[in-house]
Amino acid sequence: MTTQTVISVAEFKKRLEKGTIEFLFDLRSPDEFAAWRIEGRMPVTTVNIPQLDFVGEEEKFFGQLPRDREIITVCAHGDASKYSAELLQREGFRALSLAGGMDAWSIFYETHQIQAGPDIYQVYRIAKGCITHVVVAGDEAVVIDAVRHLEHIEKILTATGARLVAVFDTHLQADHISGGRELAARHGAGYWLHPLDAVGAAYRSNELTDHAVFTVGGLELIAVHSPGHTPGSTSLLLDRRLLFSGDTIMKTGMGRPDLGGMATEWSHLLYQTLFTRYAVLPDSVTVLPTHATSVREMDSRGAVSLTMAEARHHDLYQEGDEAAFAARIAASLLENPERYQEIRKVNLGLLTPDEKRQQELEIGKNLCGMAGKKG
């Protein structure tokens, strides 16, 4: 009888949701572990013992590993964790290795239909917290902030039979590589980006300008220029009740204004967006962001959303003074990852990295938001 040594990412995610993953043994370096780790909606006991410390000294660490619970071993690519899981099995532990390691976890997606009539789908890249929205109304569809792994979007279009009429990027992405232009080209649809975010691009895009009106299945989709995260950030208001906010408003924070190296200037743009441009939006408007900081932001439907009323309880909304608002942002900014500047160049068409480099650039959680408590 063959003993199972690996668990697929899909099966692992199902069990993570059910709370039946009992113990994670992460073999990556302390720096890699600190930068990003596997999270579920429910806490999971995790121990980090680097492979270089564990291999050859296994018995020294057995006391940190449970014999009464199943252990899932995790590493960067899946090889070291498989070796360690097999070793643990020989020592009487119940252990499985996460197939493909964090590489596979990084590109795992789930798709949830979060609303019907119009049908709205969120394609969620679990590890990164990246969200693509597909809106299907009648026999037409639009896609907002397409990830580069287009097969997940294509499945929705095929299943619904909808004709793709437009692809939008709400802003120039910095944490992941956009699939928007490729998707639009495949379907002969227009690709739209605000001209301020397209400055220096090696391609031509349609100009997504303030107050531009589009239709999808007879419903009105209005562009709302909402600078701050980037100067060209543009939200899309569907049927005057659903706001696709890009990174401007997230479930637990706001989009950081420093990724283009203009933190002070863009902080003031964000202030104007929140307190002037968004002021006309009723509290009842549902906000659908492009990023999440954690899978725990998903509700029971698998949706990441909030209302404008909830957004207005974020701590930044409590700073009515513009100078104090900018000062609070300046005091709270995290490190600006160097690789984000390379990703920005990729999304401008200035660099064309191979698949391996694309994977390296996108590894880890997105750091596009300024997580803030709700006041």
# chains A, B, ... in the order shown; residues from 1 in each chain; ligands from 1
$ residues_around --residues "region 147-160 of chain A" --least-positions-apart "3" --cutoff "8 Å" --atoms "only C-alpha atoms" --output "tab-separated table (two decimals) with C-alpha atoms, in the first residue's frame"
chain	number	residue	atom	x	y	z
A	109	TYR	CA	-7.54	31.22	-7.02
A	111	THR	CA	-14.13	32.32	-7.87
A	123	VAL	CA	-11.88	36.04	-8.84
A	130	CYS	CA	-5.82	40.31	-5.44
A	131	ILE	CA	-9.41	40.50	-6.71
A	132	THR	CA	-10.66	40.68	-10.28
A	134	VAL	CA	-16.30	40.24	-13.72
A	136	VAL	CA	-22.19	40.10	-16.50
A	141	ALA	CA	-19.57	41.53	-19.67
A	163	ARG	CA	-19.52	38.99	-24.82
A	164	LEU	CA	-16.68	40.96	-23.31
A	176	HIS	CA	0.92	42.28	-9.46
A	177	ILE	CA	1.11	42.08	-13.23
A	178	SER	CA	-2.07	43.07	-15.03
A	179	GLY	CA	-3.67	40.77	-17.57
A	180	GLY	CA	-5.97	43.53	-18.79
A	183	LEU	CA	-7.56	39.88	-22.15
$ select_by_dssp --residues "region 66-132 of chain A" --states "helix (DSSP H, G or I)" --output "PDB file with C-alpha atoms, in the first residue's frame"
ATOM      1  CA  ASP A  79      10.696  19.611  -2.493  1.00  0.00           C
ATOM      2  CA  ALA A  80      12.100  20.191   0.981  1.00  0.00           C
ATOM      3  CA  SER A  81       8.674  19.835   2.555  1.00  0.00           C
ATOM      4  CA  LYS A  82       8.074  16.506   0.783  1.00  0.00           C
ATOM      5  CA  TYR A  83      11.420  15.186   2.021  1.00  0.00           C
ATOM      6  CA  SER A  84      10.585  16.308   5.563  1.00  0.00           C
ATOM      7  CA  ALA A  85       7.060  14.867   5.479  1.00  0.00           C
ATOM      8  CA  GLU A  86       8.423  11.475   4.414  1.00  0.00           C
ATOM      9  CA  LEU A  87      11.056  11.641   7.166  1.00  0.00           C
ATOM     10  CA  LEU A  88       8.408  12.467   9.762  1.00  0.00           C
ATOM     11  CA  GLN A  89       6.218   9.607   8.570  1.00  0.00           C
ATOM     12  CA  ARG A  90       9.119   7.203   9.116  1.00  0.00           C
ATOM     13  CA  GLY A 101       4.822  24.722  -1.731  1.00  0.00           C
ATOM     14  CA  MET A 102       4.325  28.454  -1.471  1.00  0.00           C
ATOM     15  CA  ASP A 103       4.808  28.770  -5.240  1.00  0.00           C
ATOM     16  CA  ALA A 104       1.568  26.837  -5.743  1.00  0.00           C
ATOM     17  CA  TRP A 105      -0.183  28.631  -2.889  1.00  0.00           C
ATOM     18  CA  SER A 106       0.759  31.970  -4.458  1.00  0.00           C
TER      19      SER A 106
END
$ closest_atom_pairs --of "region 72-188 of chain A" --to "region 199-220 of chain A" --cutoff "6 Å" --atoms "only C-alpha atoms" --output "CSV"
residue,atom,partner,partner_atom,distance
A:Ala137,CA,A:Gly217,CA,4.5
A:Gly138,CA,A:Gly217,CA,4.7
A:Glu140,CA,A:Gly217,CA,5.4
$ residues_around --residues "Ser8 (chain A)" --least-positions-apart "4" --cutoff "8 Å" --atoms "only C-alpha atoms" --output "list in words"
Phe12, Leu98 and Ala99 of chain A
$ residues_around --residues "Glu322 (chain A)" --least-positions-apart "2" --cutoff "9 Å" --atoms "only C-alpha atoms" --output "ChimeraX atom specification"
/A:267-268,271-272,319-320,324-327
$ write_last_selection --atoms "N, CA and C atoms" --output "mmCIF file, in the first residue's frame"
data_model
loop_
_atom_site.group_PDB
_atom_site.id
_atom_site.type_symbol
_atom_site.label_atom_id
_atom_site.label_comp_id
_atom_site.auth_asym_id
_atom_site.auth_seq_id
_atom_site.Cartn_x
_atom_site.Cartn_y
_atom_site.Cartn_z
ATOM 1 N N SER A 267 -0.960 61.998 -0.994
ATOM 2 C CA SER A 267 -1.793 62.005 0.216
ATOM 3 C C SER A 267 -2.858 63.085 0.120
ATOM 4 N N HIS A 268 -2.474 64.238 -0.408
ATOM 5 C CA HIS A 268 -3.447 65.328 -0.555
ATOM 6 C C HIS A 268 -4.498 64.983 -1.619
ATOM 7 N N TYR A 271 -6.972 62.706 0.091
ATOM 8 C CA TYR A 271 -7.871 63.482 0.954
ATOM 9 C C TYR A 271 -9.020 64.063 0.136
ATOM 10 N N GLN A 272 -8.703 64.665 -1.002
ATOM 11 C CA GLN A 272 -9.736 65.259 -1.851
ATOM 12 C C GLN A 272 -10.704 64.197 -2.367
ATOM 13 N N GLU A 319 -9.960 61.977 10.187
ATOM 14 C CA GLU A 319 -9.064 63.135 10.116
ATOM 15 C C GLU A 319 -9.638 64.171 9.145
ATOM 16 N N GLY A 320 -10.451 65.067 9.671
ATOM 17 C CA GLY A 320 -11.070 66.060 8.809
ATOM 18 C C GLY A 320 -10.121 67.140 8.326
ATOM 19 N N ALA A 324 -3.410 67.196 8.907
ATOM 20 C CA ALA A 324 -3.338 66.091 9.865
ATOM 21 C C ALA A 324 -3.510 64.747 9.156
ATOM 22 N N PHE A 325 -4.356 64.738 8.153
ATOM 23 C CA PHE A 325 -4.583 63.545 7.335
ATOM 24 C C PHE A 325 -3.269 63.110 6.676
ATOM 25 N N ALA A 326 -2.590 64.036 6.029
ATOM 26 C CA ALA A 326 -1.330 63.722 5.358
ATOM 27 C C ALA A 326 -0.258 63.312 6.357
ATOM 28 N N ALA A 327 -0.242 63.953 7.522
ATOM 29 C CA ALA A 327 0.755 63.621 8.541
ATOM 30 C C ALA A 327 0.540 62.216 9.081
#
$ residues_around --residues "Asp175 (chain A)" --least-positions-apart "3" --cutoff "9 Å" --atoms "only C-alpha atoms" --output "list in words"
Lys128, Cys130, Pro337, Arg339, Tyr340, Gln341, Ile343, Arg344, Leu361, Glu362, Lys365, Asn366, Leu367 and Cys368 of chain A
$ atom_distance --atom1 "CA of Arg94 (chain A)" --atom2 "CA of Phe33 (chain A)"
22.8 Å
$ residues_around --residues "Leu242 (chain A)" --least-positions-apart "3" --cutoff "12 Å" --atoms "only C-alpha atoms" --output "PDB file with C-alpha atoms, in the first residue's frame"
ATOM      1  CA  GLN A 115     -24.477  38.898  -6.649  1.00  0.00           C
ATOM      2  CA  PRO A 118     -26.323  41.869 -12.652  1.00  0.00           C
ATOM      3  CA  ILE A 120     -20.926  39.887 -10.258  1.00  0.00           C
ATOM      4  CA  HIS A 133     -14.302  41.634 -10.819  1.00  0.00           C
ATOM      5  CA  VAL A 135     -19.668  41.916 -14.301  1.00  0.00           C
ATOM      6  CA  LEU A 219     -26.737  49.317 -17.087  1.00  0.00           C
ATOM      7  CA  GLU A 220     -24.767  52.504 -16.652  1.00  0.00           C
ATOM      8  CA  LEU A 221     -21.136  52.333 -15.545  1.00  0.00           C
ATOM      9  CA  ILE A 222     -19.701  55.727 -14.602  1.00  0.00           C
ATOM     10  CA  ALA A 223     -16.002  56.510 -14.194  1.00  0.00           C
ATOM     11  CA  SER A 235     -13.404  54.014  -9.505  1.00  0.00           C
ATOM     12  CA  LEU A 236     -16.336  52.657 -11.487  1.00  0.00           C
ATOM     13  CA  LEU A 237     -19.908  53.197 -10.288  1.00  0.00           C
ATOM     14  CA  LEU A 238     -22.379  50.603 -11.573  1.00  0.00           C
ATOM     15  CA  ASP A 239     -26.092  51.367 -11.575  1.00  0.00           C
ATOM     16  CA  SER A 245     -13.015  51.210  -5.848  1.00  0.00           C
ATOM     17  CA  LEU A 281     -21.972  58.764  -2.710  1.00  0.00           C
ATOM     18  CA  PRO A 282     -24.770  57.592  -0.390  1.00  0.00           C
ATOM     19  CA  ASP A 283     -23.876  55.463   2.632  1.00  0.00           C
ATOM     20  CA  SER A 284     -25.829  52.613   1.048  1.00  0.00           C
ATOM     21  CA  VAL A 285     -23.439  52.215  -1.909  1.00  0.00           C
ATOM     22  CA  THR A 286     -21.658  48.845  -1.847  1.00  0.00           C
ATOM     23  CA  VAL A 287     -17.886  49.088  -2.254  1.00  0.00           C
ATOM     24  CA  LEU A 288     -16.041  46.284  -4.041  1.00  0.00           C
ATOM     25  CA  PRO A 289     -12.244  46.646  -3.687  1.00  0.00           C
ATOM     26  CA  SER A 305     -17.187  44.068   0.240  1.00  0.00           C
ATOM     27  CA  LEU A 306     -18.294  46.883   2.492  1.00  0.00           C
ATOM     28  CA  THR A 307     -20.668  49.841   2.342  1.00  0.00           C
ATOM     29  CA  MET A 308     -19.702  53.482   2.067  1.00  0.00           C
TER      30      MET A 308
END
$ atom_distance --atom1 "CA of Ala279 (chain A)" --atom2 "CA of Val224 (chain A)"
11.8 Å
$ closest_residue --among "A:Leu172, A:Ala76, A:Ala146, A:Leu270" --to "Arg37 (chain A)" --atoms "only C-alpha atoms"
A:Ala76
$ atom_distance --atom1 "CA of Trp192 (chain A)" --atom2 "CA of Ala166 (chain A)"
7.5 Å
$ select_by_dssp --residues "region 46-108 of chain A" --states "strand (DSSP E or B)" --output "NGL selection string"
:A and (46-48 or 71-74 or 95-98)
